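Asks: So here's final_26.tsv, just TSV, C-alpha atoms:
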```tsv
chain	number	residue	atom	x	y	z
A	30	MET	CA	-3.89	4.86	-29.90
A	31	ALA	CA	-1.07	7.34	-29.43
A	32	LYS	CA	2.12	6.05	-27.86
A	33	LEU	CA	2.69	7.42	-24.34
A	34	SER	CA	6.08	8.65	-23.21
A	35	GLN	CA	7.71	7.48	-19.99
A	36	ASP	CA	6.84	10.80	-18.36
A	37	ASP	CA	3.17	10.39	-19.33
A	38	LEU	CA	3.11	6.86	-17.90
A	39	LEU	CA	4.78	7.97	-14.67
A	40	ALA	CA	2.25	10.79	-14.32
A	41	GLN	CA	-0.57	8.24	-14.65
A	42	PHE	CA	1.04	5.96	-12.04
A	43	GLU	CA	1.40	8.88	-9.60
A	44	GLU	CA	-2.37	9.33	-9.63
A	45	MET	CA	-3.06	5.66	-8.78
A	46	THR	CA	-3.61	4.34	-5.28
A	47	LEU	CA	-1.44	1.53	-3.96
A	48	ILE	CA	-4.23	-0.99	-4.51
A	49	GLU	CA	-4.79	0.15	-8.11
A	50	LEU	CA	-1.06	0.00	-8.78
A	51	SER	CA	-0.84	-3.49	-7.29
A	52	GLU	CA	-3.72	-4.66	-9.48
A	53	PHE	CA	-2.02	-3.12	-12.52
A	54	VAL	CA	1.22	-4.97	-11.79
A	55	LYS	CA	-0.66	-8.27	-11.48
A	56	ALA	CA	-2.47	-7.65	-14.78
A	57	PHE	CA	0.83	-6.68	-16.46
A	58	GLU	CA	2.50	-9.85	-15.18
A	59	ALA	CA	-0.39	-11.99	-16.46
A	60	LYS	CA	-0.57	-10.28	-19.86
A	61	PHE	CA	3.16	-10.51	-20.63
A	62	ASP	CA	3.93	-13.66	-18.60
A	63	VAL	CA	6.63	-11.94	-16.52
A	64	THR	CA	7.25	-11.28	-12.84
A	65	ALA	CA	8.10	-7.98	-11.20
A	66	ALA	CA	10.64	-9.47	-8.80
A	67	ALA	CA	13.41	-7.23	-7.53
A	68	ALA	CA	16.88	-7.90	-8.89
A	69	VAL	CA	19.06	-9.80	-6.44
A	70	ALA	CA	22.68	-8.80	-6.15
A	71	VAL	CA	25.11	-11.70	-6.09
A	72	ALA	CA	27.53	-11.44	-3.18
A	73	GLY	CA	30.47	-13.51	-2.09
A	74	PRO	CA	30.13	-16.27	0.49
A	75	ALA	CA	28.49	-15.06	3.66
A	76	GLY	CA	28.79	-16.42	7.16
A	77	PRO	CA	25.87	-18.09	8.94
A	78	GLY	CA	25.12	-14.84	10.82
A	79	ALA	CA	24.35	-13.04	7.57
A	80	VAL	CA	21.79	-15.65	6.55
A	81	ALA	CA	19.96	-15.40	9.87
A	82	GLU	CA	19.97	-11.60	9.66
A	83	ALA	CA	18.45	-11.63	6.17
A	84	ALA	CA	15.71	-14.03	7.28
A	85	ASP	CA	14.73	-11.74	10.17
A	86	GLU	CA	14.38	-8.70	7.93
A	87	GLN	CA	10.71	-7.95	7.23
A	88	ASP	CA	9.77	-6.49	3.84
A	89	GLU	CA	5.96	-6.58	4.00
A	90	PHE	CA	3.97	-4.66	6.57
A	91	ASP	CA	0.32	-4.36	7.58
A	92	VAL	CA	-1.23	-1.04	8.61
A	93	ILE	CA	-3.89	-1.69	11.24
A	94	LEU	CA	-6.43	0.91	12.37
A	95	THR	CA	-6.73	0.44	16.13
A	96	SER	CA	-9.18	3.28	16.82
A	97	ALA	CA	-10.98	6.02	14.91
A	98	GLY	CA	-10.18	8.75	17.42
A	99	ASP	CA	-12.17	11.96	17.79
A	100	LYS	CA	-12.17	12.95	14.10
A	101	LYS	CA	-13.92	9.93	12.61
A	102	ILE	CA	-14.94	11.70	9.39
A	103	GLN	CA	-11.34	12.74	8.69
A	104	VAL	CA	-10.17	9.18	9.32
A	105	ILE	CA	-12.79	7.84	6.89
A	106	LYS	CA	-11.55	10.29	4.24
A	107	VAL	CA	-7.94	9.14	4.70
A	108	VAL	CA	-8.98	5.46	4.58
A	109	ARG	CA	-10.81	6.13	1.30
A	110	GLU	CA	-7.70	7.80	-0.17
A	111	LEU	CA	-5.43	4.95	0.90
A	112	THR	CA	-7.66	2.08	-0.18
A	113	SER	CA	-9.97	3.44	-2.89
A	114	LEU	CA	-12.92	2.00	-0.94
A	115	GLY	CA	-16.36	3.51	-1.25
A	116	LEU	CA	-17.82	5.67	1.49
A	117	LYS	CA	-19.86	2.87	3.10
A	118	GLU	CA	-16.98	0.37	3.02
A	119	ALA	CA	-14.54	2.90	4.50
A	120	LYS	CA	-17.05	3.84	7.22
A	121	ASP	CA	-17.61	0.16	8.06
A	122	LEU	CA	-13.84	-0.40	8.26
A	123	VAL	CA	-13.40	2.58	10.62
A	124	ASP	CA	-16.41	1.57	12.74
A	125	GLY	CA	-15.10	-1.99	13.02
A	126	ALA	CA	-11.64	-0.99	14.29
A	127	PRO	CA	-9.27	-2.67	14.99
A	128	LYS	CA	-9.03	-3.74	11.34
A	129	PRO	CA	-6.25	-3.78	8.74
A	130	VAL	CA	-6.32	-0.85	6.30
A	131	LEU	CA	-3.41	-2.00	4.11
A	132	GLU	CA	-1.83	-5.44	4.06
A	133	LYS	CA	1.54	-6.63	2.77
A	134	VAL	CA	2.85	-3.25	1.62
A	135	ALA	CA	6.41	-1.91	1.56
A	136	LYS	CA	7.78	-0.21	4.68
A	137	GLU	CA	7.74	3.24	3.05
A	138	ALA	CA	4.09	2.88	2.03
A	139	ALA	CA	3.14	1.55	5.48
A	140	ASP	CA	4.89	4.44	7.23
A	141	LYS	CA	3.29	6.99	4.91
A	142	ALA	CA	-0.18	5.50	5.45
A	143	ALA	CA	0.33	5.36	9.23
A	144	GLU	CA	1.39	9.01	9.32
A	145	ALA	CA	-1.65	10.05	7.26
A	146	LEU	CA	-4.00	8.15	9.58
A	147	LYS	CA	-2.30	9.52	12.71
A	148	GLY	CA	-2.55	13.02	11.25
A	149	ALA	CA	-6.31	12.53	10.95
A	150	GLY	CA	-6.47	11.52	14.62
A	151	ALA	CA	-6.66	7.73	14.32
A	152	GLY	CA	-4.87	5.14	16.39
A	153	VAL	CA	-2.59	3.12	14.09
A	154	GLU	CA	-0.30	0.13	14.43
A	155	VAL	CA	2.21	-1.10	11.80
A	156	LYS	CA	3.05	-4.80	11.96
```
Go through the file and emit its structure as structure tokens.
Replies:
Amino acid sequence: MAKLSQDDLLAQFEEMTLIELSEFVKAFEAKFDVTAAAAVAVAGPAGPGAVAEAADEQDEFDVILTSAGDKKIQVIKVVRELTSLGLKEAKDLVDGAPKPVLEKVAKEAADKAAEALKGAGAGVEVK
């Protein structure tokens, strides 16, 4: 097998959905017995207010489809792109609204998914 450059690997990752990328990270962690935890910066002593503020900060969000709207077919297409579900599964998810489309994703990914769903005419809630 030919060795891939960083650019080639990044190009492959760009084509993956969030679910596929998450599954890849889990497989990578299992294969090499590592964790993909973010580096934590060490700061000086903080007051009690700083600890409470850090605990309130949410880093995982759920994107919930509240309604399909008028353009149900467009919403199904967007759900399929976001989740890599099959046509039947995506249709069932849209028909069964309110249901979560993505769970425990980063704020940027949640906002991007919510915008895509809203653009297709769906009712969306990010929690």
Asks: Gly148 of chain A: which residues within 12 Å, counting only C-alpha atoms, same-chain residues fewer than 2 positions away excluded, as a CSV table (one decimal) with C-alpha atoms, in the coordinates of the input?
Replies:
```
chain,number,residue,atom,x,y,z
A,97,ALA,CA,-11.0,6.0,14.9
A,98,GLY,CA,-10.2,8.8,17.4
A,99,ASP,CA,-12.2,12.0,17.8
A,100,LYS,CA,-12.2,13.0,14.1
A,101,LYS,CA,-13.9,9.9,12.6
A,103,GLN,CA,-11.3,12.7,8.7
A,104,VAL,CA,-10.2,9.2,9.3
A,106,LYS,CA,-11.6,10.3,4.2
A,107,VAL,CA,-7.9,9.1,4.7
A,108,VAL,CA,-9.0,5.5,4.6
A,141,LYS,CA,3.3,7.0,4.9
A,142,ALA,CA,-0.2,5.5,5.4
A,143,ALA,CA,0.3,5.4,9.2
A,144,GLU,CA,1.4,9.0,9.3
A,145,ALA,CA,-1.6,10.0,7.3
A,146,LEU,CA,-4.0,8.2,9.6
A,150,GLY,CA,-6.5,11.5,14.6
A,151,ALA,CA,-6.7,7.7,14.3
A,152,GLY,CA,-4.9,5.1,16.4
A,153,VAL,CA,-2.6,3.1,14.1
```
Asks: Which distance in Å separates atom CA of Thr95 of chain A and atom CA of Glu110 of chain A, to one decimal?
Replies: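 Separation between atom CA of Thr95 of chain A and atom CA of Glu110 of chain A: 17.9 Å.
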Asks: Report, in Å to a single decimal, how far apart atom CA of Glu132 of chain A and atom CA of Gln87 of chain A are.
Replies: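 Between these atoms lies a distance of 13.2 Å.
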Asks: Give me the residues within 7 Å of Pro127 of chain A as an NGL selection string, counting only C-alpha atoms and dropping any in the same chain fewer than 3 places off.
Replies: :A and (93-96)
Asks: Can you tell me which residues surround Val54 of chain A at a distance of at most 12 Å, considering only C-alpha atoms, apart from same-chain residues fewer than 5 positions away, and format the answer as a list in words?
Replies: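 Here the answer would be Phe42, Met45, Leu47, Ile48, Glu49, Ala59, Lys60, Phe61, Asp62, Val63, Thr64, Ala65 and Ala66 of chain A.
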Asks: Taking (-16.9, 4.1, 4.4) as a centre in this file's frame and 12 Å as the limit, can you find every polymer residue with an atom that close, using only C-alpha atoms, and give them as an MDAnalysis selection string?
Replies: chainID A and resid 101:110 112:125 130
Asks: Just to confirm, what's the straight-line distance from atom CA of Asp88 of chain A to atom CA of Lys147 of chain A in Å (one decimal)?
Replies: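 The value is 21.9 Å.
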